$ cat start-v9.pdb   # PDB, C-alpha atoms
MODEL        1
ATOM      1  CA  MET A1398     126.319  87.437 -56.609  1.00  0.00           C
ATOM      2  CA  ARG A1399     124.785  87.401 -53.125  1.00  0.00           C
ATOM      3  CA  ASP A1400     124.130  83.650 -53.341  1.00  0.00           C
ATOM      4  CA  ALA A1401     127.642  83.084 -54.673  1.00  0.00           C
ATOM      5  CA  TYR A1402     129.183  84.959 -51.735  1.00  0.00           C
ATOM      6  CA  TYR A1403     127.058  83.114 -49.196  1.00  0.00           C
ATOM      7  CA  LEU A1404     128.329  79.812 -50.622  1.00  0.00           C
ATOM      8  CA  HIS A1405     131.906  81.118 -50.632  1.00  0.00           C
ATOM      9  CA  LEU A1406     131.530  82.227 -47.006  1.00  0.00           C
ATOM     10  CA  THR A1407     130.127  78.806 -46.078  1.00  0.00           C
ATOM     11  CA  ASP A1408     133.186  77.145 -47.637  1.00  0.00           C
ATOM     12  CA  ARG A1409     135.560  79.427 -45.727  1.00  0.00           C
ATOM     13  CA  LEU A1410     133.853  78.721 -42.416  1.00  0.00           C
ATOM     14  CA  ARG A1411     133.747  75.011 -43.186  1.00  0.00           C
ATOM     15  CA  GLU A1412     137.525  75.013 -43.696  1.00  0.00           C
ATOM     16  CA  GLN A1413     138.080  76.792 -40.370  1.00  0.00           C
ATOM     17  CA  LEU A1414     135.948  74.210 -38.576  1.00  0.00           C
ATOM     18  CA  LYS A1415     138.433  71.513 -39.609  1.00  0.00           C
ATOM     19  CA  ASP A1416     141.000  73.016 -37.212  1.00  0.00           C
ATOM     20  CA  PRO A1417     140.125  71.890 -33.659  1.00  0.00           C
ATOM     21  CA  ASP A1418     142.125  74.778 -32.203  1.00  0.00           C
ATOM     22  CA  ALA A1419     140.486  77.495 -34.301  1.00  0.00           C
ATOM     23  CA  PHE A1420     137.851  78.308 -31.684  1.00  0.00           C
ATOM     24  CA  GLU A1421     138.450  78.488 -27.950  1.00  0.00           C
ATOM     25  CA  GLU A1422     136.499  75.747 -26.138  1.00  0.00           C
ATOM     26  CA  GLY A1423     134.657  75.094 -29.386  1.00  0.00           C
ATOM     27  CA  ARG A1424     132.808  78.409 -29.279  1.00  0.00           C
ATOM     28  CA  LEU A1425     132.564  80.565 -32.392  1.00  0.00           C
ATOM     29  CA  PRO A1426     132.975  84.344 -32.098  1.00  0.00           C
ATOM     30  CA  SER A1427     129.810  86.412 -31.954  1.00  0.00           C
ATOM     31  CA  GLU A1428     127.898  87.040 -35.166  1.00  0.00           C
ATOM     32  CA  ARG A1429     128.990  90.681 -35.069  1.00  0.00           C
ATOM     33  CA  VAL A1430     132.671  89.702 -34.871  1.00  0.00           C
ATOM     34  CA  LEU A1431     132.303  87.104 -37.621  1.00  0.00           C
ATOM     35  CA  ALA A1432     130.501  89.550 -39.909  1.00  0.00           C
ATOM     36  CA  GLU A1433     133.306  92.080 -39.439  1.00  0.00           C
ATOM     37  CA  ARG A1434     136.003  89.433 -39.909  1.00  0.00           C
ATOM     38  CA  PHE A1435     134.554  88.283 -43.237  1.00  0.00           C
ATOM     39  CA  ASP A1436     133.390  91.760 -44.316  1.00  0.00           C
ATOM     40  CA  THR A1437     129.799  90.671 -44.812  1.00  0.00           C
ATOM     41  CA  THR A1438     126.312  91.402 -43.545  1.00  0.00           C
ATOM     42  CA  ARG A1439     124.675  89.594 -40.644  1.00  0.00           C
ATOM     43  CA  VAL A1440     122.010  88.324 -43.072  1.00  0.00           C
ATOM     44  CA  THR A1441     124.568  86.626 -45.320  1.00  0.00           C
ATOM     45  CA  LEU A1442     126.500  85.338 -42.325  1.00  0.00           C
ATOM     46  CA  ARG A1443     123.355  83.761 -40.872  1.00  0.00           C
ATOM     47  CA  GLN A1444     122.707  82.033 -44.181  1.00  0.00           C
ATOM     48  CA  ALA A1445     126.150  80.448 -43.987  1.00  0.00           C
ATOM     49  CA  LEU A1446     125.764  79.524 -40.308  1.00  0.00           C
ATOM     50  CA  GLY A1447     122.359  78.016 -41.003  1.00  0.00           C
ATOM     51  CA  GLN A1448     123.853  75.893 -43.783  1.00  0.00           C
ATOM     52  CA  LEU A1449     126.572  74.594 -41.465  1.00  0.00           C
ATOM     53  CA  GLU A1450     124.014  73.930 -38.731  1.00  0.00           C
ATOM     54  CA  GLY A1451     121.968  71.884 -41.195  1.00  0.00           C
ATOM     55  CA  GLU A1452     125.083  69.846 -41.981  1.00  0.00           C
ATOM     56  CA  GLY A1453     125.528  69.158 -38.261  1.00  0.00           C
ATOM     57  CA  ARG A1454     128.909  70.928 -38.094  1.00  0.00           C
ATOM     58  CA  ILE A1455     127.831  73.615 -35.613  1.00  0.00           C
ATOM     59  CA  HIS A1456     124.956  74.125 -33.212  1.00  0.00           C
ATOM     60  CA  ARG A1457     123.371  77.124 -31.554  1.00  0.00           C
ATOM     61  CA  SER A1458     122.605  77.379 -27.859  1.00  0.00           C
ATOM     62  CA  ASN A1459     120.040  79.906 -26.668  1.00  0.00           C
ATOM     63  CA  ARG A1460     121.685  83.019 -25.200  1.00  0.00           C
ATOM     64  CA  ARG A1461     125.144  81.442 -25.524  1.00  0.00           C
ATOM     65  CA  GLY A1462     125.957  81.595 -29.235  1.00  0.00           C
ATOM     66  CA  TRP A1463     127.323  79.138 -31.789  1.00  0.00           C
ATOM     67  CA  PHE A1464     129.484  76.108 -31.018  1.00  0.00           C
ATOM     68  CA  VAL A1465     131.380  73.475 -32.972  1.00  0.00           C
ATOM     69  CA  SER A1466     129.366  70.253 -32.808  1.00  0.00           C
ATOM     70  CA  PRO A1467     131.116  67.332 -31.082  1.00  0.00           C
ATOM     71  CA  PRO A1468     131.235  63.908 -32.771  1.00  0.00           C
ATOM     72  CA  ARG A1469     127.857  62.242 -33.120  1.00  0.00           C
ATOM     73  CA  LEU A1470     126.896  59.545 -30.671  1.00  0.00           C
ATOM     74  CA  ASP A1471     126.368  56.072 -32.157  1.00  0.00           C
ATOM     75  CA  TYR A1472     122.924  54.961 -31.005  1.00  0.00           C
ATOM     76  CA  ASP A1473     121.179  51.629 -31.511  1.00  0.00           C
ATOM     77  CA  PRO A1474     117.550  52.058 -30.322  1.00  0.00           C
ATOM     78  CA  THR A1475     116.898  48.309 -30.606  1.00  0.00           C
ATOM     79  CA  ARG A1476     119.333  47.355 -27.829  1.00  0.00           C
ATOM     80  CA  ASP A1477     118.639  47.151 -24.106  1.00  0.00           C
ATOM     81  CA  SER A1478     121.850  48.883 -23.030  1.00  0.00           C
ATOM     82  CA  GLY A1479     121.120  51.999 -21.025  1.00  0.00           C
ATOM     83  CA  PHE A1480     122.015  55.548 -21.968  1.00  0.00           C
ATOM     84  CA  ASN A1481     124.826  55.717 -19.411  1.00  0.00           C
ATOM     85  CA  ASP A1482     126.342  52.470 -20.674  1.00  0.00           C
ATOM     86  CA  TYR A1483     126.515  53.251 -24.377  1.00  0.00           C
ATOM     87  CA  VAL A1484     127.604  56.851 -23.847  1.00  0.00           C
ATOM     88  CA  THR A1485     130.398  55.792 -21.497  1.00  0.00           C
ATOM     89  CA  ALA A1486     131.449  52.980 -23.862  1.00  0.00           C
ATOM     90  CA  GLN A1487     132.142  55.637 -26.506  1.00  0.00           C
ATOM     91  CA  GLY A1488     134.412  57.611 -24.197  1.00  0.00           C
ATOM     92  CA  ARG A1489     131.836  60.309 -23.471  1.00  0.00           C
ATOM     93  CA  ARG A1490     130.346  61.606 -20.207  1.00  0.00           C
ATOM     94  CA  PRO A1491     126.626  60.974 -19.583  1.00  0.00           C
ATOM     95  CA  ARG A1492     124.373  62.803 -17.138  1.00  0.00           C
ATOM     96  CA  THR A1493     120.646  62.595 -16.465  1.00  0.00           C
ATOM     97  CA  GLU A1494     118.200  65.033 -14.878  1.00  0.00           C
ATOM     98  CA  VAL A1495     114.786  63.786 -13.778  1.00  0.00           C
ATOM     99  CA  LEU A1496     112.334  66.571 -14.643  1.00  0.00           C
ATOM    100  CA  LEU A1497     109.106  65.082 -13.317  1.00  0.00           C
ATOM    101  CA  THR A1498     107.344  61.900 -12.269  1.00  0.00           C
ATOM    102  CA  GLY A1499     103.634  61.243 -11.885  1.00  0.00           C
ATOM    103  CA  VAL A1500     100.590  59.324 -13.024  1.00  0.00           C
ATOM    104  CA  GLN A1501      98.556  60.406 -16.037  1.00  0.00           C
ATOM    105  CA  ALA A1502      96.722  59.183 -19.083  1.00  0.00           C
ATOM    106  CA  TYR A1503      98.475  59.671 -22.408  1.00  0.00           C
ATOM    107  CA  PRO A1504      96.326  58.462 -25.330  1.00  0.00           C
ATOM    108  CA  PRO A1505      99.216  58.035 -27.843  1.00  0.00           C
ATOM    109  CA  ALA A1506     101.002  55.731 -25.388  1.00  0.00           C
ATOM    110  CA  ALA A1507      97.805  53.822 -24.605  1.00  0.00           C
ATOM    111  CA  GLN A1508      97.068  53.360 -28.299  1.00  0.00           C
ATOM    112  CA  ALA A1509     100.596  52.094 -29.015  1.00  0.00           C
ATOM    113  CA  LEU A1510     100.279  49.608 -26.130  1.00  0.00           C
ATOM    114  CA  GLY A1511      96.772  48.439 -27.040  1.00  0.00           C
ATOM    115  CA  LEU A1512      95.140  49.993 -23.950  1.00  0.00           C
ATOM    116  CA  THR A1513      92.107  52.239 -23.580  1.00  0.00           C
ATOM    117  CA  ALA A1514      92.843  55.927 -24.085  1.00  0.00           C
ATOM    118  CA  GLN A1515      92.329  57.004 -20.463  1.00  0.00           C
ATOM    119  CA  THR A1516      94.400  54.233 -18.845  1.00  0.00           C
ATOM    120  CA  PRO A1517      96.533  55.801 -16.066  1.00  0.00           C
ATOM    121  CA  LEU A1518     100.258  55.280 -16.683  1.00  0.00           C
ATOM    122  CA  TYR A1519     103.390  56.051 -14.712  1.00  0.00           C
ATOM    123  CA  HIS A1520     105.108  59.005 -16.383  1.00  0.00           C
ATOM    124  CA  ILE A1521     108.821  59.814 -16.061  1.00  0.00           C
ATOM    125  CA  ARG A1522     110.346  62.746 -17.935  1.00  0.00           C
ATOM    126  CA  ARG A1523     114.116  63.167 -18.159  1.00  0.00           C
ATOM    127  CA  ARG A1524     116.722  65.376 -19.790  1.00  0.00           C
ATOM    128  CA  ARG A1525     119.945  63.647 -20.766  1.00  0.00           C
ATOM    129  CA  PHE A1526     123.375  65.108 -21.413  1.00  0.00           C
ATOM    130  CA  VAL A1527     126.504  64.028 -23.273  1.00  0.00           C
ATOM    131  CA  ASP A1528     129.643  65.899 -22.189  1.00  0.00           C
ATOM    132  CA  GLU A1529     127.386  68.459 -20.452  1.00  0.00           C
ATOM    133  CA  ARG A1530     125.473  69.199 -23.654  1.00  0.00           C
ATOM    134  CA  ALA A1531     121.728  68.516 -23.385  1.00  0.00           C
ATOM    135  CA  VAL A1532     120.951  66.267 -26.348  1.00  0.00           C
ATOM    136  CA  LEU A1533     117.834  64.271 -25.422  1.00  0.00           C
ATOM    137  CA  SER A1534     114.430  65.107 -23.954  1.00  0.00           C
ATOM    138  CA  GLU A1535     112.685  61.879 -23.009  1.00  0.00           C
ATOM    139  CA  SER A1536     109.241  60.899 -21.733  1.00  0.00           C
ATOM    140  CA  MET A1537     108.480  57.359 -20.616  1.00  0.00           C
ATOM    141  CA  TRP A1538     105.156  55.790 -19.683  1.00  0.00           C
ATOM    142  CA  VAL A1539     105.001  52.475 -17.822  1.00  0.00           C
ATOM    143  CA  VAL A1540     101.948  50.278 -17.175  1.00  0.00           C
ATOM    144  CA  PRO A1541     101.536  50.490 -13.346  1.00  0.00           C
ATOM    145  CA  GLU A1542     100.365  46.881 -12.963  1.00  0.00           C
ATOM    146  CA  ARG A1543     103.668  45.680 -14.423  1.00  0.00           C
ATOM    147  CA  ALA A1544     105.834  47.702 -12.024  1.00  0.00           C
ATOM    148  CA  PRO A1545     103.929  48.477  -8.786  1.00  0.00           C
ATOM    149  CA  GLY A1546     105.596  51.076  -6.590  1.00  0.00           C
ATOM    150  CA  LEU A1547     107.987  52.167  -9.336  1.00  0.00           C
ATOM    151  CA  LEU A1548     107.544  55.900  -8.754  1.00  0.00           C
ATOM    152  CA  GLU A1549     108.130  55.613  -5.020  1.00  0.00           C
ATOM    153  CA  GLU A1550     111.330  53.584  -5.160  1.00  0.00           C
ATOM    154  CA  GLY A1551     112.685  53.728  -8.726  1.00  0.00           C
ATOM    155  CA  GLN A1552     116.138  55.049  -9.576  1.00  0.00           C
ATOM    156  CA  PHE A1553     115.478  57.190 -12.631  1.00  0.00           C
ATOM    157  CA  GLY A1554     118.942  58.662 -13.076  1.00  0.00           C
ATOM    158  CA  VAL A1555     120.107  55.320 -14.484  1.00  0.00           C
ATOM    159  CA  SER A1556     118.555  52.820 -16.890  1.00  0.00           C
ATOM    160  CA  LEU A1557     114.813  52.459 -16.311  1.00  0.00           C
ATOM    161  CA  TRP A1558     114.790  49.258 -18.359  1.00  0.00           C
ATOM    162  CA  ALA A1559     117.481  47.784 -16.108  1.00  0.00           C
ATOM    163  CA  GLU A1560     115.240  48.631 -13.161  1.00  0.00           C
ATOM    164  CA  LEU A1561     112.292  46.889 -14.796  1.00  0.00           C
ATOM    165  CA  ARG A1562     114.357  43.806 -15.532  1.00  0.00           C
ATOM    166  CA  GLY A1563     116.189  43.560 -12.229  1.00  0.00           C
ATOM    167  CA  ARG A1564     113.469  44.568  -9.806  1.00  0.00           C
ATOM    168  CA  TYR A1565     110.349  43.309 -11.540  1.00  0.00           C
ATOM    169  CA  GLY A1566     111.730  40.470 -13.646  1.00  0.00           C
ATOM    170  CA  LEU A1567     110.271  41.906 -16.837  1.00  0.00           C
ATOM    171  CA  THR A1568     111.596  40.654 -20.163  1.00  0.00           C
ATOM    172  CA  LEU A1569     111.719  43.274 -22.902  1.00  0.00           C
ATOM    173  CA  ALA A1570     111.016  40.856 -25.724  1.00  0.00           C
ATOM    174  CA  HIS A1571     109.199  42.881 -28.399  1.00  0.00           C
ATOM    175  CA  ARG A1572     109.597  46.474 -29.549  1.00  0.00           C
ATOM    176  CA  GLU A1573     107.755  48.558 -32.073  1.00  0.00           C
ATOM    177  CA  LEU A1574     109.863  51.513 -33.212  1.00  0.00           C
ATOM    178  CA  ARG A1575     108.970  54.602 -35.223  1.00  0.00           C
ATOM    179  CA  PHE A1576     111.378  57.359 -36.298  1.00  0.00           C
ATOM    180  CA  TYR A1577     110.377  60.874 -37.272  1.00  0.00           C
ATOM    181  CA  SER A1578     112.482  63.748 -38.516  1.00  0.00           C
ATOM    182  CA  GLU A1579     110.607  66.747 -37.156  1.00  0.00           C
ATOM    183  CA  SER A1580     111.078  70.145 -35.574  1.00  0.00           C
ATOM    184  CA  LEU A1581     111.367  70.353 -31.811  1.00  0.00           C
ATOM    185  CA  GLY A1582     108.278  71.628 -30.043  1.00  0.00           C
ATOM    186  CA  GLU A1583     108.255  74.299 -27.359  1.00  0.00           C
ATOM    187  CA  GLN A1584     108.818  72.005 -24.367  1.00  0.00           C
ATOM    188  CA  ALA A1585     111.612  69.870 -25.839  1.00  0.00           C
ATOM    189  CA  ALA A1586     113.349  72.929 -27.326  1.00  0.00           C
ATOM    190  CA  ARG A1587     113.266  74.707 -23.968  1.00  0.00           C
ATOM    191  CA  GLU A1588     114.651  71.658 -22.170  1.00  0.00           C
ATOM    192  CA  LEU A1589     117.467  71.295 -24.711  1.00  0.00           C
ATOM    193  CA  GLY A1590     118.320  74.998 -24.755  1.00  0.00           C
ATOM    194  CA  VAL A1591     117.601  75.611 -28.444  1.00  0.00           C
ATOM    195  CA  ALA A1592     115.045  77.634 -30.366  1.00  0.00           C
ATOM    196  CA  MET A1593     111.600  76.164 -30.903  1.00  0.00           C
ATOM    197  CA  GLY A1594     111.434  74.707 -34.401  1.00  0.00           C
ATOM    198  CA  SER A1595     115.051  73.544 -34.378  1.00  0.00           C
ATOM    199  CA  PRO A1596     115.517  70.272 -36.290  1.00  0.00           C
ATOM    200  CA  GLY A1597     115.218  67.108 -34.238  1.00  0.00           C
ATOM    201  CA  LEU A1598     114.795  63.366 -34.445  1.00  0.00           C
ATOM    202  CA  THR A1599     111.928  61.698 -32.579  1.00  0.00           C
ATOM    203  CA  VAL A1600     112.021  58.018 -31.624  1.00  0.00           C
ATOM    204  CA  ARG A1601     108.779  56.419 -30.406  1.00  0.00           C
ATOM    205  CA  ARG A1602     109.086  52.954 -28.882  1.00  0.00           C
ATOM    206  CA  ALA A1603     106.418  50.577 -27.539  1.00  0.00           C
ATOM    207  CA  THR A1604     107.746  47.644 -25.507  1.00  0.00           C
ATOM    208  CA  PHE A1605     106.118  44.290 -24.703  1.00  0.00           C
ATOM    209  CA  ASP A1606     107.123  41.112 -22.852  1.00  0.00           C
ATOM    210  CA  GLU A1607     107.489  37.610 -24.310  1.00  0.00           C
ATOM    211  CA  GLN A1608     103.681  37.082 -24.123  1.00  0.00           C
ATOM    212  CA  HIS A1609     103.265  40.421 -25.919  1.00  0.00           C
ATOM    213  CA  ARG A1610     101.816  42.034 -22.812  1.00  0.00           C
ATOM    214  CA  PRO A1611     102.433  45.797 -22.740  1.00  0.00           C
ATOM    215  CA  ILE A1612     105.194  47.131 -20.501  1.00  0.00           C
ATOM    216  CA  GLY A1613     105.846  50.696 -21.534  1.00  0.00           C
ATOM    217  CA  TYR A1614     106.132  53.380 -24.153  1.00  0.00           C
ATOM    218  CA  ASP A1615     108.685  56.123 -24.573  1.00  0.00           C
ATOM    219  CA  GLU A1616     109.249  59.151 -26.761  1.00  0.00           C
ATOM    220  CA  GLU A1617     112.776  60.436 -27.285  1.00  0.00           C
ATOM    221  CA  ARG A1618     113.417  63.826 -28.848  1.00  0.00           C
ATOM    222  CA  TRP A1619     117.036  64.233 -29.882  1.00  0.00           C
ATOM    223  CA  LEU A1620     118.951  67.148 -31.314  1.00  0.00           C
ATOM    224  CA  HIS A1621     119.349  66.213 -34.962  1.00  0.00           C
ATOM    225  CA  ASN A1622     123.136  66.567 -34.983  1.00  0.00           C
ATOM    226  CA  ALA A1623     123.777  64.697 -31.730  1.00  0.00           C
ATOM    227  CA  LEU A1624     123.532  61.113 -32.905  1.00  0.00           C
ATOM    228  CA  CYS A1625     123.946  58.562 -35.657  1.00  0.00           C
ATOM    229  CA  ILE A1626     121.414  55.733 -35.737  1.00  0.00           C
ATOM    230  CA  THR A1627     123.419  52.501 -35.927  1.00  0.00           C
ATOM    231  CA  VAL A1628     121.667  49.127 -36.161  1.00  0.00           C
ATOM    232  CA  THR A1629     123.440  45.800 -36.621  1.00  0.00           C
ATOM    233  CA  LEU A1630     121.379  43.076 -38.299  1.00  0.00           C
ATOM    234  CA  LYS A1631     122.235  39.385 -38.328  1.00  0.00           C
ATOM    235  CA  ASN A1632     120.764  36.961 -40.825  1.00  0.00           C
ATOM    236  CA  LYS A1633     119.073  33.976 -39.245  1.00  0.00           C
ATOM    237  CA  PRO A1634     120.502  30.588 -40.321  1.00  0.00           C
TER
ENDMDL
END
$ encode --input "start-v9.pdb" --output "structure tokens"
Amino acid sequence: MRDAYYLHLTDRLREQLKDPDAFEEGRLPSERVLAERFDTTRVTLRQALGQLEGEGRIHRSNRRGWFVSPPRLDYDPTRDSGFNDYVTAQGRRPRTEVLLTGVQAYPPAAQALGLTAQTPLYHIRRRRFVDERAVLSESMWVVPERAPGLLEEGQFGVSLWAELRGRYGLTLAHRELRFYSESLGEQAARELGVAMGSPGLTVRRATFDEQHRPIGYDEERWLHNALCITVTLKNKP
């Protein structure tokens, strides 16, 4: 009976979520209020909320409560268009915070780029927002010899790849992409304002020029319900 009621409660909440005006500014009432409204326990309510979170219909923000999830962002990781460009093209509002810059070795990046493990790399870490919701924690490593002076003069609130193309004449000709569905670690979860262990999608990308010389490597950690991976393929004649 308990399982049956949890499923019934999930259905009732799911129906309410279809009404865009049901919750003020997209925020659900507190768990206490919801439990009283549906005459249920907090344990059963959290089961239902967890189910809806897994479906991507709602999301939880640390210390702020539950919110209706906005539409997913269409994202093609194979294209060169910058974050600001493709977010704006979909009628959404992008924003970027630069969290740190520096020089360090990062063996996973070096391995992906075919370099020795202790090769120093430029490191840029950013947090990116869509409609003021933090959705992406991103680290990028660039081979210093390919972009000398980047950390001193680079504009990291916009597209780094546009900077590499325009300022250094680099051609982003080859990419090696890996996708992982995995829980968010402590750092990414903190930066995105969710609990550690929340579901996420990791994109790891190594980039090379037309001679297959390494340019850079980046790791993107997205909230799982923030995006839809969309790739268009064209058959060669």
$ resolve_selection --input "start-v9.pdb" --expression "the PyMOL selection byres ((chain A and resi 1505) around 12)" --output "list in words"
Ala1502, Tyr1503, Pro1504, Ala1506, Ala1507, Gln1508, Ala1509, Leu1510, Gly1511, Leu1512, Thr1513, Ala1514, Gln1515, Thr1516, Leu1518, Met1537, Trp1538, Arg1601, Arg1602, Ala1603, Gly1613, Tyr1614, Asp1615 and Glu1616 of chain A
$ closest_residue --input "start-v9.pdb" --among "A:Arg1424, A:Arg1572, A:Arg1469, A:Arg1530" --to "Leu1624 (chain A)" --atoms "all atoms listed in the file"
A:Arg1469
$ atom_distance --input "start-v9.pdb" --atom1 "CA of Leu1496 (chain A)" --atom2 "CA of Thr1475 (chain A)"
24.7 Å
$ residues_near_point --input "start-v9.pdb" --point "(128.4, 74.1, -34.0)" --cutoff "9 Å" --atoms "only C-alpha atoms" --output "list in words"
Leu1414, Gly1423, Arg1424, Leu1425, Leu1446, Leu1449, Glu1450, Gly1453, Arg1454, Ile1455, His1456, Arg1457, Trp1463, Phe1464, Val1465, Ser1466 and Pro1467 of chain A
$ residues_around --input "start-v9.pdb" --residues "Leu1589 (chain A)" --least-positions-apart "3" --cutoff "12 Å" --atoms "only C-alpha atoms" --output "PDB file with C-alpha atoms, keeping the file's coordinate frame"
ATOM      1  CA  HIS A1456     124.956  74.125 -33.212  1.00  0.00           C
ATOM      2  CA  ARG A1457     123.371  77.124 -31.554  1.00  0.00           C
ATOM      3  CA  SER A1458     122.605  77.379 -27.859  1.00  0.00           C
ATOM      4  CA  ASN A1459     120.040  79.906 -26.668  1.00  0.00           C
ATOM      5  CA  GLU A1494     118.200  65.033 -14.878  1.00  0.00           C
ATOM      6  CA  ARG A1523     114.116  63.167 -18.159  1.00  0.00           C
ATOM      7  CA  ARG A1524     116.722  65.376 -19.790  1.00  0.00           C
ATOM      8  CA  ARG A1525     119.945  63.647 -20.766  1.00  0.00           C
ATOM      9  CA  PHE A1526     123.375  65.108 -21.413  1.00  0.00           C
ATOM     10  CA  VAL A1527     126.504  64.028 -23.273  1.00  0.00           C
ATOM     11  CA  GLU A1529     127.386  68.459 -20.452  1.00  0.00           C
ATOM     12  CA  ARG A1530     125.473  69.199 -23.654  1.00  0.00           C
ATOM     13  CA  ALA A1531     121.728  68.516 -23.385  1.00  0.00           C
ATOM     14  CA  VAL A1532     120.951  66.267 -26.348  1.00  0.00           C
ATOM     15  CA  LEU A1533     117.834  64.271 -25.422  1.00  0.00           C
ATOM     16  CA  SER A1534     114.430  65.107 -23.954  1.00  0.00           C
ATOM     17  CA  GLU A1535     112.685  61.879 -23.009  1.00  0.00           C
ATOM     18  CA  LEU A1581     111.367  70.353 -31.811  1.00  0.00           C
ATOM     19  CA  GLY A1582     108.278  71.628 -30.043  1.00  0.00           C
ATOM     20  CA  GLU A1583     108.255  74.299 -27.359  1.00  0.00           C
ATOM     21  CA  GLN A1584     108.818  72.005 -24.367  1.00  0.00           C
ATOM     22  CA  ALA A1585     111.612  69.870 -25.839  1.00  0.00           C
ATOM     23  CA  ALA A1586     113.349  72.929 -27.326  1.00  0.00           C
ATOM     24  CA  ALA A1592     115.045  77.634 -30.366  1.00  0.00           C
ATOM     25  CA  MET A1593     111.600  76.164 -30.903  1.00  0.00           C
ATOM     26  CA  GLY A1594     111.434  74.707 -34.401  1.00  0.00           C
ATOM     27  CA  SER A1595     115.051  73.544 -34.378  1.00  0.00           C
ATOM     28  CA  PRO A1596     115.517  70.272 -36.290  1.00  0.00           C
ATOM     29  CA  GLY A1597     115.218  67.108 -34.238  1.00  0.00           C
ATOM     30  CA  ARG A1618     113.417  63.826 -28.848  1.00  0.00           C
ATOM     31  CA  TRP A1619     117.036  64.233 -29.882  1.00  0.00           C
ATOM     32  CA  LEU A1620     118.951  67.148 -31.314  1.00  0.00           C
ATOM     33  CA  HIS A1621     119.349  66.213 -34.962  1.00  0.00           C
ATOM     34  CA  ALA A1623     123.777  64.697 -31.730  1.00  0.00           C
TER      35      ALA A1623
END
$ atom_distance --input "start-v9.pdb" --atom1 "CA of Pro1468 (chain A)" --atom2 "CA of Glu1412 (chain A)"
16.8 Å
$ atom_distance --input "start-v9.pdb" --atom1 "CA of Gln1501 (chain A)" --atom2 "CA of His1520 (chain A)"
6.7 Å
$ closest_residue --input "start-v9.pdb" --among "A:Asn1622, A:Thr1627, A:Ser1580, A:Thr1493" --to "Arg1476 (chain A)" --atoms "all atoms listed in the file"
A:Thr1627
$ residues_around --input "start-v9.pdb" --residues "Glu1550 (chain A)" --least-positions-apart "3" --cutoff "12 Å" --atoms "only C-alpha atoms" --output "list in words"
Thr1498, Ala1544, Pro1545, Gly1546, Leu1547, Phe1553, Leu1557, Glu1560, Leu1561 and Arg1564 of chain A
$ residues_around --input "start-v9.pdb" --residues "Val1600 (chain A)" --least-positions-apart "3" --cutoff "6 Å" --atoms "all atoms listed in the file" --output "ChimeraX atom specification"
/A:1575-1576,1616-1617
$ write_last_selection --input "start-v9.pdb" --atoms "C-alpha atoms" --output "PDB file, in the coordinates of the input"
ATOM      1  CA  ARG A1575     108.970  54.602 -35.223  1.00  0.00           C
ATOM      2  CA  PHE A1576     111.378  57.359 -36.298  1.00  0.00           C
ATOM      3  CA  GLU A1616     109.249  59.151 -26.761  1.00  0.00           C
ATOM      4  CA  GLU A1617     112.776  60.436 -27.285  1.00  0.00           C
TER       5      GLU A1617
END
$ resolve_selection --input "start-v9.pdb" --expression "the PyMOL selection byres ((chain A and resi 1479-1483) around 9)" --output "JSON, numbers by chain"
{"A": [1470, 1471, 1472, 1476, 1477, 1478, 1484, 1485, 1486, 1487, 1489, 1490, 1491, 1492, 1493, 1525, 1555, 1556, 1557, 1558, 1559]}
$ write_last_selection --input "start-v9.pdb" --atoms "C-alpha atoms" --output "mmCIF file, in the frame of the given file"
data_model
loop_
_atom_site.group_PDB
_atom_site.id
_atom_site.type_symbol
_atom_site.label_atom_id
_atom_site.label_comp_id
_atom_site.auth_asym_id
_atom_site.auth_seq_id
_atom_site.Cartn_x
_atom_site.Cartn_y
_atom_site.Cartn_z
ATOM 1 C CA LEU A 1470 126.896 59.545 -30.671
ATOM 2 C CA ASP A 1471 126.368 56.072 -32.157
ATOM 3 C CA TYR A 1472 122.924 54.961 -31.005
ATOM 4 C CA ARG A 1476 119.333 47.355 -27.829
ATOM 5 C CA ASP A 1477 118.639 47.151 -24.106
ATOM 6 C CA SER A 1478 121.850 48.883 -23.030
ATOM 7 C CA VAL A 1484 127.604 56.851 -23.847
ATOM 8 C CA THR A 1485 130.398 55.792 -21.497
ATOM 9 C CA ALA A 1486 131.449 52.980 -23.862
ATOM 10 C CA GLN A 1487 132.142 55.637 -26.506
ATOM 11 C CA ARG A 1489 131.836 60.309 -23.471
ATOM 12 C CA ARG A 1490 130.346 61.606 -20.207
ATOM 13 C CA PRO A 1491 126.626 60.974 -19.583
ATOM 14 C CA ARG A 1492 124.373 62.803 -17.138
ATOM 15 C CA THR A 1493 120.646 62.595 -16.465
ATOM 16 C CA ARG A 1525 119.945 63.647 -20.766
ATOM 17 C CA VAL A 1555 120.107 55.320 -14.484
ATOM 18 C CA SER A 1556 118.555 52.820 -16.890
ATOM 19 C CA LEU A 1557 114.813 52.459 -16.311
ATOM 20 C CA TRP A 1558 114.790 49.258 -18.359
ATOM 21 C CA ALA A 1559 117.481 47.784 -16.108
#
$ residues_near_point --input "start-v9.pdb" --point "(106.7, 44.6, -23.0)" --cutoff "7 Å" --atoms "all atoms listed in the file" --output "list of chain:residue names"
A:Thr1568, A:Leu1569, A:Ala1570, A:His1571, A:Thr1604, A:Phe1605, A:Asp1606, A:His1609, A:Arg1610, A:Pro1611, A:Ile1612, A:Gly1613
$ axis_aligned_box --input "start-v9.pdb" --around "region 1496-1505 of chain A" --padding-each-side "8 Å" --output "lines of an AutoDock Vina configuration file"
center_x = 104.3
center_y = 62.3
center_z = -19.9
size_x = 32.0
size_y = 24.5
size_z = 32.0
$ closest_residue --input "start-v9.pdb" --among "A:Glu1549, A:Asp1528, A:Glu1428, A:Asp1418" --to "Gln1444 (chain A)" --atoms "only C-alpha atoms"
A:Glu1428
$ residues_around --input "start-v9.pdb" --residues "Ala1401 (chain A)" --least-positions-apart "3" --cutoff "12 Å" --atoms "all atoms listed in the file" --output "ChimeraX atom specification"
/A:1398,1404-1408,1441,1444-1445
